[in-house]
Amino acid sequence: MPVPFTADDTTRLRDIFDQVVADGAAPGGVIAYGTTSAGPRFLTAGKIAPECGESEPGPDTLYDIASLTKVVSTWPLIGQSLDAGLLDLDAPIRDFLPPMNSETPSGETTVRQLIAHTSGLRASTRLDHYRGADLPLHELLCREPLEDVPGQHRYINRGYILLGLALAHIHGHPLDQLGDTLWKTLGMDSTVYGPVGRTPQVAPTEQRIPGAPRIWGAPHDDNASLLGGIAGHAGVFSTPADLAVYAQRLLTAHADGDKHGLGEWLHASLVPQAPIEPGLDRGLSWILAAGGRVAYHHGFTGTSLYLAPDTGRYLAICTNAIYGGNARTKIAPLRELALKTISAT
């Protein structure tokens, strides 16, 4: 049976959420939480942003979810592709990209290594360095030499850029169309690849240069922006309500023993692939904690998604904490409490 959040759980979450917003960690935000046996509930704090006037964030506020794109778009699409026989986890990524007529050391890394961040690819990803190149992006990335021997964990965005390009190639449709079809099937009607319009219901992110326009409706990630907002590592916008729907669908499918869908894919993804640090392992896309009982992922803009399959619990954090600069340290107390709360049995 799912384990509901207690009144003490929600009180502690609300208190720390109010505190980090009061301390200037983010203009505001929303926490969505729930279980497989009940609809989502929401905690809100602050305002969406000064640019949005007095608008308060809510379940339908649209956030740039940044690297949550990896687990909301790329990861489920890979699961579907494996189920359809279009991908092989242990085959080199070059097998699922347009033909290349050169040595491709980075193209020899496997789908599993890319999705688990154990590929050894170059960690620094600057797509602007490829401006004016004659070759297509997938070949430029695959020609790059490896930086490390595959097997060690190192968080690398370019692996997910390659995965996104591969998904588009094997399906014959752009990544944003694949995502849109997936999300509509799951009931995530507001989730979309950016850019999106600047409205009061869209949370602005960072002002990169004083006096310049703030990023608002466009992906905060530079590489995603260079790809038109459509990439395997970043670029998706979603709402707290949609992330709650997604989490509940994943956990329900997992509990039902879905053998040919996202439930089985989630089960397979909870197997550790490489250690990150004591107490944390990398599964397939997801970070695994609490002895593998919790899977989670963060987004650089100030978002997080936590799943606890054994207890049927989920929790999503949606903030635009990057509004004032690097969000990681600013909302760390909220993320730490969220992990502690979701890990309780």
# chains A, B, ... in the order shown; residues from 1 in each chain; ligands from 1
call {"tool": "residues_around", "arguments": {"residues": "Pro275 (chain A)", "least_positions_apart": "6", "cutoff": "10 Å", "atoms": "only C-alpha atoms", "output": "JSON, numbers by chain"}}
result
{"A": [152, 153, 154, 281, 282, 283, 287, 288]}
call {"tool": "write_last_selection", "arguments": {"atoms": "N, CA, C and O atoms", "output": "mmCIF file, in the first residue's frame"}}
result
data_model
loop_
_atom_site.group_PDB
_atom_site.id
_atom_site.type_symbol
_atom_site.label_atom_id
_atom_site.label_comp_id
_atom_site.auth_asym_id
_atom_site.auth_seq_id
_atom_site.Cartn_x
_atom_site.Cartn_y
_atom_site.Cartn_z
ATOM 1 N N GLN A 152 33.676 4.939 -15.559
ATOM 2 C CA GLN A 152 33.603 5.820 -14.402
ATOM 3 C C GLN A 152 32.448 6.805 -14.560
ATOM 4 O O GLN A 152 32.161 7.264 -15.661
ATOM 5 N N HIS A 153 31.793 7.136 -13.454
ATOM 6 C CA HIS A 153 30.683 8.083 -13.531
ATOM 7 C C HIS A 153 31.192 9.510 -13.655
ATOM 8 O O HIS A 153 32.074 9.955 -12.915
ATOM 9 N N ARG A 154 30.657 10.212 -14.626
ATOM 10 C CA ARG A 154 30.896 11.651 -14.777
ATOM 11 C C ARG A 154 29.716 12.230 -15.541
ATOM 12 O O ARG A 154 29.408 11.786 -16.641
ATOM 13 N N ASP A 281 24.132 6.195 -6.169
ATOM 14 C CA ASP A 281 24.551 5.499 -7.385
ATOM 15 C C ASP A 281 23.809 6.101 -8.568
ATOM 16 O O ASP A 281 22.762 6.724 -8.412
ATOM 17 N N ARG A 282 24.359 5.879 -9.746
ATOM 18 C CA ARG A 282 23.648 6.255 -10.961
ATOM 19 C C ARG A 282 22.986 5.016 -11.536
ATOM 20 O O ARG A 282 23.623 3.995 -11.759
ATOM 21 N N GLY A 283 21.681 5.107 -11.732
ATOM 22 C CA GLY A 283 20.980 4.078 -12.472
ATOM 23 C C GLY A 283 21.002 4.453 -13.943
ATOM 24 O O GLY A 283 21.940 5.081 -14.425
ATOM 25 N N ILE A 287 19.407 9.241 -10.464
ATOM 26 C CA ILE A 287 20.265 9.055 -9.298
ATOM 27 C C ILE A 287 19.505 8.169 -8.318
ATOM 28 O O ILE A 287 18.308 8.377 -8.078
ATOM 29 N N LEU A 288 20.203 7.190 -7.759
ATOM 30 C CA LEU A 288 19.581 6.256 -6.829
ATOM 31 C C LEU A 288 20.091 6.511 -5.421
ATOM 32 O O LEU A 288 21.302 6.645 -5.204
#
call {"tool": "select_by_dssp", "arguments": {"residues": "region 64-95 of chain A", "states": "alpha helix (DSSP H)", "output": "ChimeraX atom specification"}}
result
/A:69,75-83
call {"tool": "closest_residue", "arguments": {"among": "A:Ala91, A:Ala224, A:Ala289, A:Ile16", "to": "Asn157 (chain A)", "atoms": "only C-alpha atoms"}}
result
A:Ala224
call {"tool": "residues_around", "arguments": {"residues": "Gly120 (chain A)", "least_positions_apart": "2", "cutoff": "10 Å", "atoms": "only C-alpha atoms", "output": "count of residues only"}}
result
21
call {"tool": "closest_residue", "arguments": {"among": "A:Ala32, A:Val202, A:Ile209, A:Val111", "to": "Ile78 (chain A)", "atoms": "only C-alpha atoms"}}
result
A:Val111
call {"tool": "closest_atom_pairs", "arguments": {"of": "region 11-95 of chain A", "to": "region 248-253 of chain A", "cutoff": "8 Å", "atoms": "only C-alpha atoms", "output": "Markdown table"}}
result
| residue | atom | partner | partner_atom | distance |
| --- | --- | --- | --- | --- |
| A:Gly34 | CA | A:Gln248 | CA | 8.0 |
| A:Thr35 | CA | A:Gln248 | CA | 6.8 |
| A:Thr36 | CA | A:Gln248 | CA | 5.5 |
call {"tool": "write_last_selection", "arguments": {"atoms": "N, CA, C and O atoms", "output": "PDB file, in the first residue's frame"}}
result
ATOM      1  N   GLY A  34       2.555  13.526  -3.707  1.00  0.00           N
ATOM      2  CA  GLY A  34       1.416  12.628  -3.626  1.00  0.00           C
ATOM      3  C   GLY A  34       1.846  11.177  -3.685  1.00  0.00           C
ATOM      4  O   GLY A  34       3.033  10.855  -3.576  1.00  0.00           O
ATOM      5  N   THR A  35       0.872  10.305  -3.866  1.00  0.00           N
ATOM      6  CA  THR A  35       1.110   8.868  -3.968  1.00  0.00           C
ATOM      7  C   THR A  35       0.282   8.306  -5.116  1.00  0.00           C
ATOM      8  O   THR A  35      -0.529   9.013  -5.723  1.00  0.00           O
ATOM      9  N   THR A  36       0.470   7.027  -5.370  1.00  0.00           N
ATOM     10  CA  THR A  36      -0.279   6.378  -6.440  1.00  0.00           C
ATOM     11  C   THR A  36      -1.755   6.196  -6.104  1.00  0.00           C
ATOM     12  O   THR A  36      -2.553   5.878  -6.979  1.00  0.00           O
TER      13      THR A  36
END
call {"tool": "closest_residue", "arguments": {"among": "A:Thr10, A:Ser343, A:Asn101, A:Asn320", "to": "Ala295 (chain A)", "atoms": "only C-alpha atoms"}}
result
A:Ser343
call {"tool": "decode", "arguments": {"residues": "region 67-129 of chain A", "atoms": "C-alpha atoms", "output": "PDB file, in the first residue's frame"}}
result
ATOM      1  CA  SER A  67      18.051  18.714 -16.980  1.00  0.00           C
ATOM      2  CA  LEU A  68      14.794  17.118 -15.889  1.00  0.00           C
ATOM      3  CA  THR A  69      14.466  16.921 -19.687  1.00  0.00           C
ATOM      4  CA  LYS A  70      16.739  13.876 -19.404  1.00  0.00           C
ATOM      5  CA  VAL A  71      14.185  11.918 -17.356  1.00  0.00           C
ATOM      6  CA  VAL A  72      10.973  13.500 -18.695  1.00  0.00           C
ATOM      7  CA  SER A  73      11.818  13.283 -22.414  1.00  0.00           C
ATOM      8  CA  THR A  74      14.949  11.320 -23.341  1.00  0.00           C
ATOM      9  CA  TRP A  75      14.695   8.545 -20.750  1.00  0.00           C
ATOM     10  CA  PRO A  76      11.067   7.509 -21.442  1.00  0.00           C
ATOM     11  CA  LEU A  77      11.600   7.775 -25.214  1.00  0.00           C
ATOM     12  CA  ILE A  78      14.606   5.458 -24.924  1.00  0.00           C
ATOM     13  CA  GLY A  79      12.461   3.023 -22.944  1.00  0.00           C
ATOM     14  CA  GLN A  80       9.808   3.049 -25.670  1.00  0.00           C
ATOM     15  CA  SER A  81      12.459   2.612 -28.364  1.00  0.00           C
ATOM     16  CA  LEU A  82      13.991  -0.376 -26.578  1.00  0.00           C
ATOM     17  CA  ASP A  83      10.568  -1.958 -26.259  1.00  0.00           C
ATOM     18  CA  ALA A  84       9.984  -1.439 -29.990  1.00  0.00           C
ATOM     19  CA  GLY A  85      13.341  -2.997 -30.896  1.00  0.00           C
ATOM     20  CA  LEU A  86      14.709   0.245 -32.321  1.00  0.00           C
ATOM     21  CA  LEU A  87      17.560   0.564 -29.809  1.00  0.00           C
ATOM     22  CA  ASP A  88      19.986  -1.772 -28.068  1.00  0.00           C
ATOM     23  CA  LEU A  89      21.361  -0.631 -24.707  1.00  0.00           C
ATOM     24  CA  ASP A  90      24.717  -2.287 -25.274  1.00  0.00           C
ATOM     25  CA  ALA A  91      25.276  -1.307 -28.904  1.00  0.00           C
ATOM     26  CA  PRO A  92      27.370   1.736 -29.890  1.00  0.00           C
ATOM     27  CA  ILE A  93      25.449   4.941 -30.396  1.00  0.00           C
ATOM     28  CA  ARG A  94      26.827   5.290 -33.934  1.00  0.00           C
ATOM     29  CA  ASP A  95      24.590   2.358 -34.950  1.00  0.00           C
ATOM     30  CA  PHE A  96      21.541   4.567 -34.368  1.00  0.00           C
ATOM     31  CA  LEU A  97      22.789   7.720 -36.094  1.00  0.00           C
ATOM     32  CA  PRO A  98      23.117   8.605 -39.789  1.00  0.00           C
ATOM     33  CA  PRO A  99      26.127   6.910 -41.455  1.00  0.00           C
ATOM     34  CA  MET A 100      29.572   8.384 -40.812  1.00  0.00           C
ATOM     35  CA  ASN A 101      32.681   7.772 -42.894  1.00  0.00           C
ATOM     36  CA  SER A 102      35.392   8.492 -40.374  1.00  0.00           C
ATOM     37  CA  GLU A 103      36.826   7.302 -37.099  1.00  0.00           C
ATOM     38  CA  THR A 104      34.330   8.024 -34.349  1.00  0.00           C
ATOM     39  CA  PRO A 105      35.788   7.268 -30.904  1.00  0.00           C
ATOM     40  CA  SER A 106      32.886   8.901 -29.097  1.00  0.00           C
ATOM     41  CA  GLY A 107      30.464   7.094 -31.384  1.00  0.00           C
ATOM     42  CA  GLU A 108      31.675   3.734 -30.044  1.00  0.00           C
ATOM     43  CA  THR A 109      30.226   4.424 -26.597  1.00  0.00           C
ATOM     44  CA  THR A 110      27.071   2.457 -25.909  1.00  0.00           C
ATOM     45  CA  VAL A 111      23.555   3.683 -25.268  1.00  0.00           C
ATOM     46  CA  ARG A 112      23.838   2.318 -21.721  1.00  0.00           C
ATOM     47  CA  GLN A 113      27.072   4.228 -21.079  1.00  0.00           C
ATOM     48  CA  LEU A 114      25.595   7.454 -22.390  1.00  0.00           C
ATOM     49  CA  ILE A 115      22.383   7.225 -20.402  1.00  0.00           C
ATOM     50  CA  ALA A 116      24.285   6.263 -17.214  1.00  0.00           C
ATOM     51  CA  HIS A 117      26.951   8.965 -17.598  1.00  0.00           C
ATOM     52  CA  THR A 118      29.766   6.392 -17.784  1.00  0.00           C
ATOM     53  CA  SER A 119      30.779   7.016 -21.412  1.00  0.00           C
ATOM     54  CA  GLY A 120      34.091   8.804 -20.917  1.00  0.00           C
ATOM     55  CA  LEU A 121      33.053  11.516 -23.391  1.00  0.00           C
ATOM     56  CA  ARG A 122      34.411  15.021 -23.056  1.00  0.00           C
ATOM     57  CA  ALA A 123      32.608  16.649 -20.172  1.00  0.00           C
ATOM     58  CA  SER A 124      32.741  20.207 -21.478  1.00  0.00           C
ATOM     59  CA  THR A 125      30.043  20.759 -24.067  1.00  0.00           C
ATOM     60  CA  ARG A 126      30.239  23.977 -26.099  1.00  0.00           C
ATOM     61  CA  LEU A 127      28.227  23.621 -29.268  1.00  0.00           C
ATOM     62  CA  ASP A 128      29.160  27.167 -30.217  1.00  0.00           C
ATOM     63  CA  HIS A 129      32.640  25.786 -30.999  1.00  0.00           C
TER      64      HIS A 129
END
